[in-house]
Amino acid sequence: MRFLTLIFISSLLFSCKKESKTPDFLIGNWERINDESNKKNYEIWKKDFSGLGFTLRDKDTVFKEKLNIITKKNNRYLKVTGVNQQPTYFKITTLTKNSLICENSQNEFPKKISYWLENEKLNAKVANDDFAIDFVFKKTQ
């Protein structure tokens, strides 16, 4: 009887795949739809979870940042470069099929970055304890 129990438990353990969650919902070209009329904000996320965020005013780029989801010391981070002199790392604290929360309590602003997919729109919020900015993007491709 013990032998059958051992075989049963072993088969359960080996048949269960460890599912590695990835923020696939981010992938695509996104255009912000809730911004000032004289600016256009975009985020582009590739399948390797590298991204680019930028803002155009007329035809001039007035803001640009590189975004990457990386693994560092067995933790996952959102790495943001191009804003500060050194990259800023936000530890991924929550990751579901349709949402992502990243936090860095040492950063002045933002301390928290959230993404979530809702009604085919990509929503984002950057916030600290006193202030937040909401983004709503539609997919362009």
# chains A, B, ... in the order shown; residues from 1 in each chain; ligands from 1

call {"tool": "residues_around", "arguments": {"residues": "segment 96-107 of chain A", "least_positions_apart": "6", "cutoff": "9 Å", "atoms": "only C-alpha atoms", "output": "PyMOL selection string"}}
result
chain A and resi 21-26+77-78+88-90+113-118+128

call {"tool": "residues_around", "arguments": {"residues": "segment 57-59 of chain A", "least_positions_apart": "5", "cutoff": "8 Å", "atoms": "only C-alpha atoms", "output": "list in words"}}
result
Asn38, Lys39 and Lys40 of chain A

call {"tool": "select_by_dssp", "arguments": {"residues": "chain A", "states": "alpha helix (DSSP H)", "output": "VMD selection string"}}
result
chain A and resid 2 to 15

call {"tool": "residues_around", "arguments": {"residues": "Ile27 of chain A", "least_positions_apart": "4", "cutoff": "9 Å", "atoms": "only C-alpha atoms", "output": "PyMOL selection string"}}
result
chain A and resi 23+44-49+51

call {"tool": "write_last_selection", "arguments": {"atoms": "N, CA and C atoms", "output": "PDB file, in the first residue's frame"}}
result
ATOM      1  N   PRO A  23       4.220  38.779 -17.703  1.00  0.00           N
ATOM      2  CA  PRO A  23       3.234  39.833 -17.988  1.00  0.00           C
ATOM      3  C   PRO A  23       2.948  39.965 -19.484  1.00  0.00           C
ATOM      4  N   ILE A  44       5.789  50.813 -25.872  1.00  0.00           N
ATOM      5  CA  ILE A  44       5.952  49.683 -26.786  1.00  0.00           C
ATOM      6  C   ILE A  44       6.633  48.570 -25.987  1.00  0.00           C
ATOM      7  N   TRP A  45       5.965  47.419 -25.913  1.00  0.00           N
ATOM      8  CA  TRP A  45       6.508  46.266 -25.188  1.00  0.00           C
ATOM      9  C   TRP A  45       6.705  45.124 -26.162  1.00  0.00           C
ATOM     10  N   LYS A  46       7.925  44.556 -26.175  1.00  0.00           N
ATOM     11  CA  LYS A  46       8.253  43.423 -27.039  1.00  0.00           C
ATOM     12  C   LYS A  46       8.070  42.119 -26.281  1.00  0.00           C
ATOM     13  N   LYS A  47       8.122  41.000 -27.020  1.00  0.00           N
ATOM     14  CA  LYS A  47       7.918  39.677 -26.429  1.00  0.00           C
ATOM     15  C   LYS A  47       8.983  39.307 -25.407  1.00  0.00           C
ATOM     16  N   ASP A  48      10.168  39.930 -25.491  1.00  0.00           N
ATOM     17  CA  ASP A  48      11.221  39.646 -24.514  1.00  0.00           C
ATOM     18  C   ASP A  48      11.091  40.540 -23.273  1.00  0.00           C
ATOM     19  N   PHE A  49       9.983  41.256 -23.166  1.00  0.00           N
ATOM     20  CA  PHE A  49       9.667  42.141 -22.043  1.00  0.00           C
ATOM     21  C   PHE A  49      10.627  43.309 -21.921  1.00  0.00           C
ATOM     22  N   GLY A  51      10.916  47.233 -23.192  1.00  0.00           N
ATOM     23  CA  GLY A  51       9.939  48.225 -23.608  1.00  0.00           C
ATOM     24  C   GLY A  51      10.551  49.599 -23.767  1.00  0.00           C
TER      25      GLY A  51
END

call {"tool": "residues_around", "arguments": {"residues": "Phe54 of chain A", "least_positions_apart": "2", "cutoff": "8 Å", "atoms": "only C-alpha atoms", "output": "list in words"}}
result
Asn41, Tyr42, Glu43, Leu52, Leu56, Thr61, Val62, Phe63, Lys64 and Glu65 of chain A

call {"tool": "write_last_selection", "arguments": {"atoms": "C-alpha atoms", "output": "PDB file, in the first residue's frame"}}
result
ATOM      1  CA  ASN A  41       2.410  59.195 -24.954  1.00  0.00           C
ATOM      2  CA  TYR A  42       3.360  55.725 -26.126  1.00  0.00           C
ATOM      3  CA  GLU A  43       4.614  52.481 -24.650  1.00  0.00           C
ATOM      4  CA  LEU A  52      10.150  51.844 -24.536  1.00  0.00           C
ATOM      5  CA  LEU A  56       5.922  63.498 -28.202  1.00  0.00           C
ATOM      6  CA  THR A  61      10.463  63.770 -28.155  1.00  0.00           C
ATOM      7  CA  VAL A  62      10.147  65.396 -24.721  1.00  0.00           C
ATOM      8  CA  PHE A  63      10.467  62.246 -22.598  1.00  0.00           C
ATOM      9  CA  LYS A  64      11.941  58.776 -23.141  1.00  0.00           C
ATOM     10  CA  GLU A  65      12.594  55.766 -20.915  1.00  0.00           C
TER      11      GLU A  65
END

call {"tool": "closest_residue", "arguments": {"among": "A:Gly28, A:Val126, A:Ile33, A:Glu108", "to": "Lys138 of chain A", "atoms": "only C-alpha atoms"}}
result
A:Ile33

call {"tool": "select_by_dssp", "arguments": {"residues": "segment 4-139 of chain A", "states": "strand (DSSP E or B)", "output": "ChimeraX atom specification"}}
result
/A:28-32,39-45,50-57,60-72,75-81,88-95,99-103,112-118,121-127,132-139

call {"tool": "write_last_selection", "arguments": {"atoms": "C-alpha atoms", "output": "tab-separated table (two decimals), in the first residue's frame"}}
result
chain	number	residue	atom	x	y	z
A	28	GLY	CA	2.16	45.43	-28.01
A	29	ASN	CA	2.16	49.04	-29.11
A	30	TRP	CA	0.12	51.27	-26.83
A	31	GLU	CA	-1.01	54.89	-27.19
A	32	ARG	CA	-2.22	56.91	-24.22
A	39	LYS	CA	1.09	65.55	-26.26
A	40	LYS	CA	1.13	61.91	-27.32
A	41	ASN	CA	2.41	59.20	-24.95
A	42	TYR	CA	3.36	55.73	-26.13
A	43	GLU	CA	4.61	52.48	-24.65
A	44	ILE	CA	5.95	49.68	-26.79
A	45	TRP	CA	6.51	46.27	-25.19
A	50	SER	CA	11.83	45.01	-23.13
A	51	GLY	CA	9.94	48.23	-23.61
A	52	LEU	CA	10.15	51.84	-24.54
A	53	GLY	CA	8.05	54.67	-23.16
A	54	PHE	CA	8.12	58.09	-24.79
A	55	THR	CA	6.20	61.34	-25.10
A	56	LEU	CA	5.92	63.50	-28.20
A	57	ARG	CA	4.92	67.14	-28.25
A	60	ASP	CA	9.61	66.47	-30.68
A	61	THR	CA	10.46	63.77	-28.16
A	62	VAL	CA	10.15	65.40	-24.72
A	63	PHE	CA	10.47	62.25	-22.60
A	64	LYS	CA	11.94	58.78	-23.14
A	65	GLU	CA	12.59	55.77	-20.91
A	66	LYS	CA	13.69	52.18	-21.50
A	67	LEU	CA	11.78	49.49	-19.65
A	68	ASN	CA	12.81	45.88	-18.99
A	69	ILE	CA	11.41	43.05	-16.91
A	70	ILE	CA	14.49	41.29	-15.55
A	71	THR	CA	15.48	38.66	-13.01
A	72	LYS	CA	18.17	39.63	-10.52
A	75	ASN	CA	13.69	38.29	-7.86
A	76	ARG	CA	11.95	39.95	-10.77
A	77	TYR	CA	12.16	43.66	-11.36
A	78	LEU	CA	11.00	46.38	-13.66
A	79	LYS	CA	14.21	48.15	-14.66
A	80	VAL	CA	13.78	51.76	-15.82
A	81	THR	CA	16.65	53.55	-17.56
A	88	THR	CA	16.01	52.40	-11.18
A	89	TYR	CA	14.75	48.97	-10.13
A	90	PHE	CA	11.18	48.31	-9.00
A	91	LYS	CA	10.68	44.90	-7.41
A	92	ILE	CA	7.69	43.02	-8.82
A	93	THR	CA	5.51	42.38	-5.79
A	94	THR	CA	2.38	41.16	-7.58
A	95	LEU	CA	2.04	39.44	-10.95
A	99	SER	CA	-1.81	42.82	-13.68
A	100	LEU	CA	1.61	43.80	-12.44
A	101	ILE	CA	2.67	45.82	-9.38
A	102	CYS	CA	6.26	46.99	-8.88
A	103	GLU	CA	7.62	48.84	-5.87
A	112	LYS	CA	4.86	52.17	-6.95
A	113	ILE	CA	4.10	51.34	-10.59
A	114	SER	CA	0.98	49.36	-11.43
A	115	TYR	CA	-0.20	47.98	-14.77
A	116	TRP	CA	-3.46	46.17	-15.41
A	117	LEU	CA	-5.48	45.17	-18.42
A	118	GLU	CA	-9.17	46.08	-18.35
A	121	LYS	CA	-7.13	48.86	-22.43
A	122	LEU	CA	-3.81	48.95	-20.64
A	123	ASN	CA	-4.05	50.98	-17.46
A	124	ALA	CA	-1.05	52.20	-15.51
A	125	LYS	CA	-0.55	54.18	-12.35
A	126	VAL	CA	2.66	55.70	-11.03
A	127	ALA	CA	2.42	56.88	-7.44
A	132	ALA	CA	-0.47	59.58	-8.47
A	133	ILE	CA	-0.70	59.78	-12.24
A	134	ASP	CA	-3.13	57.52	-14.11
A	135	PHE	CA	-2.54	56.35	-17.67
A	136	VAL	CA	-4.99	54.66	-20.01
A	137	PHE	CA	-3.63	53.19	-23.25
A	138	LYS	CA	-5.29	51.65	-26.28
A	139	LYS	CA	-3.50	49.10	-28.41

call {"tool": "atom_distance", "arguments": {"atom1": "atom CA of Asp129 of chain A", "atom2": "atom CA of Pro110 of chain A"}}
result
8.9 Å

call {"tool": "atom_distance", "arguments": {"atom1": "atom CA of Val83 of chain A", "atom2": "atom CA of Gln141 of chain A"}}
result
26.2 Å
